[in-house]
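Shown here: my_file-v2.pdb, PDB, C-alpha atoms.
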ATOM      1  CA  MET A 282    -138.241 -87.543 -86.950
ATOM      2  CA  ARG A 283    -136.818 -89.538 -89.861
ATOM      3  CA  ASP A 284    -139.111 -91.426 -92.228
ATOM      4  CA  ARG A 285    -140.145 -94.934 -91.260
ATOM      5  CA  LEU A 286    -140.869 -97.743 -93.711
ATOM      6  CA  ALA A 287    -143.538-100.412 -93.360
ATOM      7  CA  LEU A 288    -143.920-103.875 -94.867
ATOM      8  CA  ALA A 289    -147.189-103.929 -96.801
ATOM      9  CA  ASP A 290    -148.814-104.680-100.138
ATOM     10  CA  ALA A 291    -149.276-101.230-101.692
ATOM     11  CA  ASN A 292    -152.528-102.089-103.468
ATOM     12  CA  ARG A 293    -154.104-103.678-100.426
ATOM     13  CA  LEU A 294    -153.024-100.844 -98.136
ATOM     14  CA  ARG A 295    -154.532 -98.380-100.599
ATOM     15  CA  GLN A 296    -157.740-100.450-100.563
ATOM     16  CA  VAL A 297    -157.887-100.327 -96.766
ATOM     17  CA  LEU A 298    -157.455 -96.554 -96.710
ATOM     18  CA  LEU A 299    -160.110 -96.094 -99.400
ATOM     19  CA  ASN A 300    -162.526 -98.281 -97.438
ATOM     20  CA  LEU A 301    -161.939 -96.243 -94.284
ATOM     21  CA  LEU A 302    -162.294 -92.909 -96.038
ATOM     22  CA  SER A 303    -165.384 -93.932 -98.014
ATOM     23  CA  ASN A 304    -167.050 -95.132 -94.803
ATOM     24  CA  ALA A 305    -166.022 -91.922 -93.052
ATOM     25  CA  VAL A 306    -167.798 -89.909 -95.738
ATOM     26  CA  LYS A 307    -170.792 -92.227 -95.954
ATOM     27  CA  TYR A 308    -171.528 -92.367 -92.225
ATOM     28  CA  ASN A 309    -170.504 -88.846 -91.279
ATOM     29  CA  ARG A 310    -172.924 -86.226 -89.980
ATOM     30  CA  GLU A 311    -173.680 -82.951 -91.722
ATOM     31  CA  GLU A 312    -170.710 -80.584 -91.631
ATOM     32  CA  GLY A 313    -168.664 -83.350 -90.056
ATOM     33  CA  LEU A 314    -164.868 -83.402 -90.217
ATOM     34  CA  ILE A 315    -162.526 -86.104 -91.517
ATOM     35  CA  THR A 316    -158.790 -85.911 -90.844
ATOM     36  CA  VAL A 317    -155.873 -88.198 -91.634
ATOM     37  CA  GLU A 318    -152.695 -87.976 -89.571
ATOM     38  CA  GLY A 319    -149.433 -89.811 -89.071
ATOM     39  CA  ALA A 320    -147.989 -90.808 -85.714
ATOM     40  CA  SER A 321    -144.828 -92.199 -84.199
ATOM     41  CA  PRO A 322    -144.888 -95.975 -84.520
ATOM     42  CA  PRO A 323    -145.391 -97.844 -81.238
ATOM     43  CA  ARG A 324    -143.266-100.888 -80.444
ATOM     44  CA  GLY A 325    -141.471-100.733 -83.789
ATOM     45  CA  ALA A 326    -144.681-100.909 -85.817
ATOM     46  CA  CYS A 327    -145.739 -98.224 -88.276
ATOM     47  CA  ALA A 328    -149.016 -96.649 -87.238
ATOM     48  CA  LEU A 329    -151.224 -94.599 -89.541
ATOM     49  CA  PRO A 330    -154.111 -93.202 -87.496
ATOM     50  CA  SER A 331    -157.092 -91.829 -89.412
ATOM     51  CA  PRO A 332    -159.224 -89.874 -86.923
ATOM     52  CA  THR A 333    -162.783 -89.333 -88.076
ATOM     53  CA  ARG A 334    -165.280 -86.978 -86.532
ATOM     54  CA  GLY A 335    -168.728 -88.240 -87.192
ATOM     55  CA  PRO A 336    -171.495 -90.126 -85.425
ATOM     56  CA  ALA A 337    -169.755 -92.309 -82.872
ATOM     57  CA  SER A 338    -170.973 -95.565 -81.462
ATOM     58  CA  PRO A 339    -173.098 -95.444 -78.315
ATOM     59  CA  ARG A 340    -171.021 -96.288 -75.266
ATOM     60  CA  ARG A 341    -172.717 -99.659 -74.875
ATOM     61  CA  ASN A 342    -171.547-100.589 -78.399
ATOM     62  CA  ARG A 343    -168.174 -98.933 -78.133
ATOM     63  CA  PRO A 344    -165.835-101.011 -80.306
ATOM     64  CA  SER A 345    -162.562-102.479 -79.238
ATOM     65  CA  SER A 346    -159.523-102.756 -81.490
ATOM     66  CA  SER A 347    -160.692-106.247 -82.436
ATOM     67  CA  SER A 348    -164.102-105.141 -83.702
ATOM     68  CA  PRO A 349    -163.715-102.063 -85.919
ATOM     69  CA  SER A 350    -166.730-103.077 -88.020
ATOM     70  CA  ASN A 351    -169.025-101.943 -85.187
ATOM     71  CA  ALA A 352    -167.728 -98.380 -85.141
ATOM     72  CA  TRP A 353    -170.073 -96.769 -87.658
ATOM     73  CA  ALA A 354    -173.474 -95.793 -86.284
ATOM     74  CA  PRO A 355    -176.308 -95.278 -86.754
ATOM     75  CA  LYS A 356    -176.091 -97.664 -89.729
ATOM     76  CA  GLU A 357    -179.821 -97.704 -90.343
ATOM     77  CA  ARG A 358    -179.651 -94.169 -91.799
ATOM     78  CA  VAL A 359    -177.482 -95.228 -94.716
ATOM     79  CA  GLU A 360    -177.819 -98.002 -97.261
ATOM     80  CA  GLY A 361    -175.050-100.596 -97.300
ATOM     81  CA  THR A 362    -173.992-103.939 -95.924
ATOM     82  CA  GLY A 363    -171.421-102.605 -93.454
ATOM     83  CA  ILE A 364    -168.847-105.259 -94.417
ATOM     84  CA  GLY A 365    -166.234-102.799 -95.724
ATOM     85  CA  LEU A 366    -164.497-102.567 -92.362
ATOM     86  CA  THR A 367    -164.493-106.339 -91.952
ATOM     87  CA  ILE A 368    -162.737-106.633 -95.321
ATOM     88  CA  ALA A 369    -160.284-103.889 -94.321
ATOM     89  CA  GLN A 370    -159.518-105.745 -91.097
ATOM     90  CA  LYS A 371    -158.910-109.013 -92.955
ATOM     91  CA  LEU A 372    -156.628-107.264 -95.442
ATOM     92  CA  MET A 373    -154.586-105.779 -92.600
ATOM     93  CA  GLU A 374    -154.301-109.178 -90.916
ATOM     94  CA  ALA A 375    -153.177-110.725 -94.222
ATOM     95  CA  MET A 376    -150.317-108.195 -94.227
ATOM     96  CA  ASN A 377    -149.404-109.148 -90.618
ATOM     97  CA  GLY A 378    -150.842-105.850 -89.436
ATOM     98  CA  SER A 379    -153.913-104.764 -87.529
ATOM     99  CA  LEU A 380    -156.806-102.324 -87.695
ATOM    100  CA  GLY A 381    -157.919-100.759 -84.424
ATOM    101  CA  VAL A 382    -160.419 -98.137 -83.378
ATOM    102  CA  THR A 383    -161.285 -95.884 -80.485
ATOM    103  CA  SER A 384    -164.661 -94.161 -80.312
ATOM    104  CA  THR A 385    -166.036 -91.224 -78.332
ATOM    105  CA  PRO A 386    -169.847 -90.873 -78.093
ATOM    106  CA  GLY A 387    -170.992 -87.632 -79.691
ATOM    107  CA  LEU A 388    -167.586 -86.917 -81.229
ATOM    108  CA  GLY A 389    -166.499 -89.675 -83.565
ATOM    109  CA  SER A 390    -164.208 -92.614 -84.149
ATOM    110  CA  CYS A 391    -160.456 -92.809 -84.672
ATOM    111  CA  PHE A 392    -159.209 -95.713 -86.769
ATOM    112  CA  PHE A 393    -155.526 -96.608 -86.717
ATOM    113  CA  LEU A 394    -153.452 -99.004 -88.764
ATOM    114  CA  GLU A 395    -150.362-100.850 -87.563
ATOM    115  CA  LEU A 396    -147.929-102.552 -89.923
ATOM    116  CA  PRO A 397    -144.619-104.341 -89.332
ATOM    117  CA  SER A 398    -141.547-102.179 -89.718
ATOM    118  CA  ALA A 399    -139.536-102.711 -92.903
ATOM    119  CA  GLU A 400    -136.229-101.718 -91.332
ATOM    120  CA  GLY A 401    -133.721-104.499 -91.796
ATOM    121  CA  GLU A 402    -136.260-106.550 -93.756
ATOM    122  CA  ALA A 403    -135.307-105.705 -97.339
ATOM    123  CA  THR A 404    -134.067-109.191 -98.174
ATOM    124  CA  SER A 405    -136.846-111.117 -96.475
ATOM    125  CA  ALA A 406    -139.574-108.929 -98.014
ATOM    126  CA  ALA A 407    -138.873-110.394-101.432
ATOM    127  CA  ALA A 408    -139.364-113.935-100.173
ATOM    128  CA  PRO A 409    -142.497-114.127 -98.042
ATOM    129  CA  ALA A 410    -142.875-117.127 -95.790
ATOM    130  CA  PHE A 411    -145.653-119.512 -96.777
ATOM    131  CA  PRO A 412    -147.363-121.886 -94.396
ATOM    132  CA  ALA A 413    -146.047-125.410 -94.414
ATOM    133  CA  PRO A 414    -147.634-127.429 -97.240
ATOM    134  CA  GLU A 415    -150.184-130.015 -96.319
ATOM    135  CA  ALA A 416    -150.952-133.186 -98.208
ATOM    136  CA  ALA A 417    -153.600-132.832-100.873
ATOM    137  CA  PRO A 418    -156.832-134.693-100.136
ATOM    138  CA  ALA A 419    -157.758-137.785-102.109
ATOM    139  CA  GLY A 420    -159.332-137.033-105.471
ATOM    140  CA  VAL A 421    -157.221-133.971-106.303
ATOM    141  CA  GLU A 422    -154.943-135.934-108.629
ATOM    142  CA  ASP A 423    -155.010-135.504-112.397
ATOM    143  CA  ARG A 424    -157.131-132.328-112.391
ATOM    144  CA  LYS A 425    -156.976-129.217-114.550
ATOM    145  CA  VAL A 426    -157.179-125.649-113.253
ATOM    146  CA  LEU A 427    -157.541-122.628-115.534
ATOM    147  CA  TYR A 428    -156.353-119.285-114.164
ATOM    148  CA  ILE A 429    -157.504-116.233-116.155
ATOM    149  CA  GLU A 430    -155.215-113.433-114.982
ATOM    150  CA  ASP A 431    -153.109-110.773-116.730
ATOM    151  CA  ASP A 432    -150.723-109.968-113.876
ATOM    152  CA  LEU A 433    -147.509-111.965-114.156
ATOM    153  CA  ALA A 434    -146.738-111.734-110.431
ATOM    154  CA  ASN A 435    -150.135-113.209-109.525
ATOM    155  CA  LEU A 436    -149.760-115.946-112.144
ATOM    156  CA  THR A 437    -146.336-116.816-110.741
ATOM    157  CA  LEU A 438    -147.627-116.926-107.178
ATOM    158  CA  VAL A 439    -150.543-119.238-108.019
ATOM    159  CA  ARG A 440    -148.259-121.473-110.068
ATOM    160  CA  HIS A 441    -145.913-121.686-107.082
ATOM    161  CA  LEU A 442    -148.790-122.546-104.750
ATOM    162  CA  LEU A 443    -150.226-125.200-107.042
ATOM    163  CA  ASP A 444    -146.800-126.814-107.279
ATOM    164  CA  ARG A 445    -147.777-128.155-103.844
ATOM    165  CA  ARG A 446    -150.405-130.208-105.651
ATOM    166  CA  PRO A 447    -148.306-132.192-108.172
ATOM    167  CA  GLY A 448    -151.390-133.805-109.685
ATOM    168  CA  ILE A 449    -152.807-130.470-110.893
ATOM    169  CA  HIS A 450    -152.209-129.254-114.430
ATOM    170  CA  LEU A 451    -152.387-125.443-114.561
ATOM    171  CA  LEU A 452    -153.575-123.625-117.662
ATOM    172  CA  THR A 453    -153.214-119.843-117.813
ATOM    173  CA  ALA A 454    -154.692-117.084-119.938
ATOM    174  CA  SER A 455    -153.784-113.410-119.761
ATOM    175  CA  GLN A 456    -156.898-112.307-121.677
ATOM    176  CA  GLY A 457    -160.564-113.103-121.241
ATOM    177  CA  LYS A 458    -161.105-114.246-124.824
ATOM    178  CA  LEU A 459    -158.265-116.754-124.605
ATOM    179  CA  GLY A 460    -159.592-117.903-121.239
ATOM    180  CA  LEU A 461    -162.998-118.639-122.747
ATOM    181  CA  GLU A 462    -161.385-120.577-125.588
ATOM    182  CA  LEU A 463    -159.263-122.638-123.191
ATOM    183  CA  ALA A 464    -162.259-123.339-120.967
ATOM    184  CA  ALA A 465    -164.287-124.654-123.919
ATOM    185  CA  ALA A 466    -161.418-126.700-125.336
ATOM    186  CA  HIS A 467    -160.016-128.242-122.139
ATOM    187  CA  ARG A 468    -163.040-128.352-119.789
ATOM    188  CA  PRO A 469    -160.992-127.610-116.649
ATOM    189  CA  ASP A 470    -162.176-128.857-113.270
ATOM    190  CA  LEU A 471    -161.857-125.365-111.740
ATOM    191  CA  ILE A 472    -161.543-121.823-113.103
ATOM    192  CA  LEU A 473    -159.809-119.073-111.139
ATOM    193  CA  LEU A 474    -160.965-115.725-112.506
ATOM    194  CA  ASP A 475    -159.576-112.224-112.136
ATOM    195  CA  LEU A 476    -162.142-109.469-112.713
ATOM    196  CA  HIS A 477    -160.037-106.762-114.344
ATOM    197  CA  LEU A 478    -158.636-108.035-117.630
ATOM    198  CA  PRO A 479    -157.422-106.066-120.655
ATOM    199  CA  ASP A 480    -160.170-107.163-123.069
ATOM    200  CA  ILE A 481    -163.250-108.507-121.235
ATOM    201  CA  ASN A 482    -164.274-107.872-117.624
ATOM    202  CA  GLY A 483    -164.634-110.816-115.278
ATOM    203  CA  ARG A 484    -168.388-110.525-114.862
ATOM    204  CA  GLU A 485    -168.933-110.887-118.624
ATOM    205  CA  ILE A 486    -166.556-113.840-118.743
ATOM    206  CA  TYR A 487    -168.539-115.554-115.993
ATOM    207  CA  GLN A 488    -171.810-114.883-117.814
ATOM    208  CA  ARG A 489    -170.409-116.363-121.032
ATOM    209  CA  LEU A 490    -169.170-119.431-119.183
ATOM    210  CA  GLN A 491    -172.633-119.920-117.688
ATOM    211  CA  ALA A 492    -174.314-119.467-121.059
ATOM    212  CA  GLU A 493    -172.448-122.382-122.682
ATOM    213  CA  GLU A 494    -173.425-125.980-122.031
ATOM    214  CA  ALA A 495    -169.777-127.060-122.190
ATOM    215  CA  THR A 496    -168.648-124.751-119.376
ATOM    216  CA  ARG A 497    -171.641-123.918-117.191
ATOM    217  CA  ARG A 498    -170.948-126.727-114.706
ATOM    218  CA  ILE A 499    -167.321-125.732-114.126
ATOM    219  CA  PRO A 500    -166.959-124.066-110.704
ATOM    220  CA  VAL A 501    -165.567-120.525-110.925
ATOM    221  CA  VAL A 502    -163.741-118.865-108.033
ATOM    222  CA  VAL A 503    -163.051-115.143-108.343
ATOM    223  CA  VAL A 504    -159.529-114.134-107.302
ATOM    224  CA  SER A 505    -159.470-110.357-107.380
ATOM    225  CA  ALA A 506    -157.624-107.361-105.982
ATOM    226  CA  SER A 507    -160.949-105.573-105.681
ATOM    227  CA  ALA A 508    -162.263-105.798-102.137
ATOM    228  CA  MET A 509    -165.077-103.310-102.625
ATOM    229  CA  PRO A 510    -168.247-104.707-101.004
ATOM    230  CA  ARG A 511    -170.469-103.807-103.963
ATOM    231  CA  GLU A 512    -168.316-105.761-106.389
ATOM    232  CA  ILE A 513    -168.135-108.786-104.103
ATOM    233  CA  GLU A 514    -171.910-108.749-103.550
ATOM    234  CA  ALA A 515    -172.591-108.383-107.287
ATOM    235  CA  MET A 516    -170.460-111.406-108.199
ATOM    236  CA  LEU A 517    -171.915-113.574-105.434
ATOM    237  CA  ALA A 518    -175.432-112.549-106.494
ATOM    238  CA  ALA A 519    -174.557-113.518-110.076
ATOM    239  CA  GLY A 520    -173.853-117.047-108.851
ATOM    240  CA  VAL A 521    -170.095-117.143-108.243
ATOM    241  CA  PRO A 522    -169.658-119.641-105.377
ATOM    242  CA  GLN A 523    -166.601-117.990-103.792
ATOM    243  CA  TYR A 524    -164.720-114.695-103.962
ATOM    244  CA  LEU A 525    -161.110-114.547-102.767
ATOM    245  CA  THR A 526    -159.327-111.219-102.359
ATOM    246  CA  LYS A 527    -155.663-110.449-102.890
ATOM    247  CA  PRO A 528    -153.272-110.643-101.192
ATOM    248  CA  LEU A 529    -154.221-114.281-100.988
ATOM    249  CA  ASP A 530    -154.594-116.087 -97.716
ATOM    250  CA  ILE A 531    -152.411-119.031 -98.734
ATOM    251  CA  ARG A 532    -154.095-121.602 -96.544
ATOM    252  CA  GLN A 533    -157.574-120.457 -97.553
ATOM    253  CA  PHE A 534    -156.590-120.551-101.219
ATOM    254  CA  LEU A 535    -155.287-124.113-101.049
ATOM    255  CA  GLU A 536    -158.295-125.255 -99.037
ATOM    256  CA  THR A 537    -160.591-123.724-101.659
ATOM    257  CA  VAL A 538    -158.777-125.435-104.512
ATOM    258  CA  ASP A 539    -158.813-128.761-102.668
ATOM    259  CA  ARG A 540    -162.527-128.460-101.897
ATOM    260  CA  TYR A 541    -163.582-127.906-105.484
ATOM    261  CA  LEU A 542    -161.166-130.368-107.032
ATOM    262  CA  SER A 543    -162.092-133.193-104.652
ATOM    263  CA  ARG A 544    -165.655-133.150-105.993
ATOM    264  CA  PRO A 545    -166.693-135.824-108.521
ATOM    265  CA  VAL A 546    -165.740-134.973-112.099
ATOM    266  CA  GLN A 547    -168.670-133.492-114.034
ATOM    267  CA  PRO A 548    -169.719-135.566-117.062
TER     268      PRO A 548
END
Rewrite the structure from the file as structure tokens, please.
Amino acid sequence: MRDRLALADANRLRQVLLNLLSNAVKYNREEGLITVEGASPPRGACALPSPTRGPASPRRNRPSSSSPSNAWAPKERVEGTGIGLTIAQKLMEAMNGSLGVTSTPGLGSCFFLELPSAEGEATSAAAPAFPAPEAAPAGVEDRKVLYIEDDLANLTLVRHLLDRRPGIHLLTASQGKLGLELAAAHRPDLILLDLHLPDINGREIYQRLQAEEATRRIPVVVVSASAMPREIEAMLAAGVPQYLTKPLDIRQFLETVDRYLSRPVQP
């Protein structure tokens, strides 16, 4: 059978597979078996099943394709929040795909991924369709947003999205040190923060922002490619009010920006 191509974000697909494999190892039984296989795509979609032999869900909790996060059991034996599969499912949905599961008591669970076929889609893949813009709420005019991000593609995307809010002035910084300087000098109304920067990591940047009187009241929203549960939990525990993962959910991103920018300006 000839190779088939799928439409997907390579980084996010890699993140999904890592989440599935790390959970397979974490929740497996002693001398359990983990296998990864390919399969013929159903209905024109590209399917990547990842069968896992390990402790399967009891029949009464047997998951459907819409609830893969229930498939690992017994969870109480292993530390963890169990949200990795929920994140994986959301990432697949953001790529117009799906994450499904079948489970056999006493044998294990088989997770499978479905993605849209890329055949005949080469031109449209470069120009993803965005949801129709909605009017910005009152109070979002004449506001400043600082985006600390070193990836040009992500900077370009966010700039394109914020063009839908003509009253927003976007400042950008490709390094953490410059981001801190811009935050202190311009006092933006919102900071969008990537975690993996070439000079200073995002957690340290957030701590420095919180340590300074001039910047501690500025809301910071993490926008990161890292969907690992431990990293998300650590940033939320540190006080970050919201953590958005890439690829961005466009509507969620704009709603988040609108929510923070419609708040009264801090003195």
Just the residues within 9 Å of A:Tyr524, please, counting all atoms listed in the file, with nothing from its chain fewer than 5 positions along; format it as a PDB file with C-alpha atoms, keeping the file's coordinate frame.
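Full text of selection-v8.pdb as output:
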ATOM      1  CA  VAL A 502    -163.741-118.865-108.033  1.00  0.00           C
ATOM      2  CA  VAL A 503    -163.051-115.143-108.343  1.00  0.00           C
ATOM      3  CA  VAL A 504    -159.529-114.134-107.302  1.00  0.00           C
ATOM      4  CA  SER A 505    -159.470-110.357-107.380  1.00  0.00           C
ATOM      5  CA  ILE A 513    -168.135-108.786-104.103  1.00  0.00           C
ATOM      6  CA  MET A 516    -170.460-111.406-108.199  1.00  0.00           C
ATOM      7  CA  LEU A 517    -171.915-113.574-105.434  1.00  0.00           C
TER       8      LEU A 517
END
For A:Asp475: contacts at 12 Å, only C-alpha atoms, fewer than 5 positions along chain excluded, given as number ranges by chain: A: 427-432, 435-436, 453-457, 460, 481-487, 501-507, 516, 524-527
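Between atom CA of A:Arg446 and atom CA of A:Ile531 the separation is 13.3 Å.
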Decode the PyMOL selection byres ((chain A and resi 508) around 12) for the given file into explicit residues and return them as a PyMOL selection string. chain A and resi 292-300+364-372+476+503-507+509-516+524-529
What is the atom CA of A:Ile499 to atom CA of A:Arg468 distance in Å?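 We find that atom CA of A:Ile499 and atom CA of A:Arg468 lie 7.6 Å from each other.
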Point-to-point distance in Å for atom CA of A:Leu459 and atom CA of A:Pro479: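 A separation of 11.4 Å between them.
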Assuming the input is short of atoms at stretch 514-529 of chain A, produce N, CA and C atoms for that part as a short mmCIF file (atom, residue, chain, number, x, y, z; two decimals), in the coordinates of the input.
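Writing the result to part_25.cif gives the following:
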data_model
loop_
_atom_site.label_atom_id
_atom_site.label_comp_id
_atom_site.auth_asym_id
_atom_site.auth_seq_id
_atom_site.Cartn_x
_atom_site.Cartn_y
_atom_site.Cartn_z
N GLU A 514 -170.49 -108.40 -103.61
CA GLU A 514 -171.91 -108.75 -103.55
C GLU A 514 -172.48 -109.02 -104.93
N ALA A 515 -172.07 -108.21 -105.93
CA ALA A 515 -172.59 -108.38 -107.29
C ALA A 515 -172.18 -109.73 -107.87
N MET A 516 -170.91 -110.13 -107.65
CA MET A 516 -170.46 -111.41 -108.20
C MET A 516 -171.10 -112.59 -107.48
N LEU A 517 -171.25 -112.49 -106.17
CA LEU A 517 -171.92 -113.57 -105.43
C LEU A 517 -173.37 -113.68 -105.84
N ALA A 518 -174.03 -112.54 -106.06
CA ALA A 518 -175.43 -112.55 -106.49
C ALA A 518 -175.56 -113.13 -107.89
N ALA A 519 -174.53 -112.97 -108.71
CA ALA A 519 -174.56 -113.52 -110.08
C ALA A 519 -174.38 -115.02 -110.08
N GLY A 520 -173.98 -115.60 -108.94
CA GLY A 520 -173.85 -117.05 -108.85
C GLY A 520 -172.46 -117.57 -108.59
N VAL A 521 -171.45 -116.68 -108.54
CA VAL A 521 -170.10 -117.14 -108.24
C VAL A 521 -170.07 -117.75 -106.84
N PRO A 522 -169.59 -118.98 -106.69
CA PRO A 522 -169.66 -119.64 -105.38
C PRO A 522 -168.69 -119.09 -104.34
N GLN A 523 -167.56 -118.50 -104.77
CA GLN A 523 -166.60 -117.99 -103.79
C GLN A 523 -165.79 -116.85 -104.40
N TYR A 524 -165.46 -115.89 -103.54
CA TYR A 524 -164.72 -114.70 -103.96
C TYR A 524 -163.53 -114.54 -103.02
N LEU A 525 -162.32 -114.70 -103.55
CA LEU A 525 -161.11 -114.55 -102.77
C LEU A 525 -160.45 -113.22 -103.12
N THR A 526 -159.98 -112.50 -102.11
CA THR A 526 -159.33 -111.22 -102.36
C THR A 526 -157.81 -111.35 -102.22
N LYS A 527 -157.11 -110.53 -102.98
CA LYS A 527 -155.66 -110.45 -102.89
C LYS A 527 -155.30 -109.35 -101.89
N PRO A 528 -154.21 -109.52 -101.14
CA PRO A 528 -153.27 -110.64 -101.19
C PRO A 528 -153.92 -111.91 -100.68
N LEU A 529 -153.59 -113.02 -101.32
CA LEU A 529 -154.22 -114.28 -100.99
C LEU A 529 -153.84 -114.76 -99.59
#
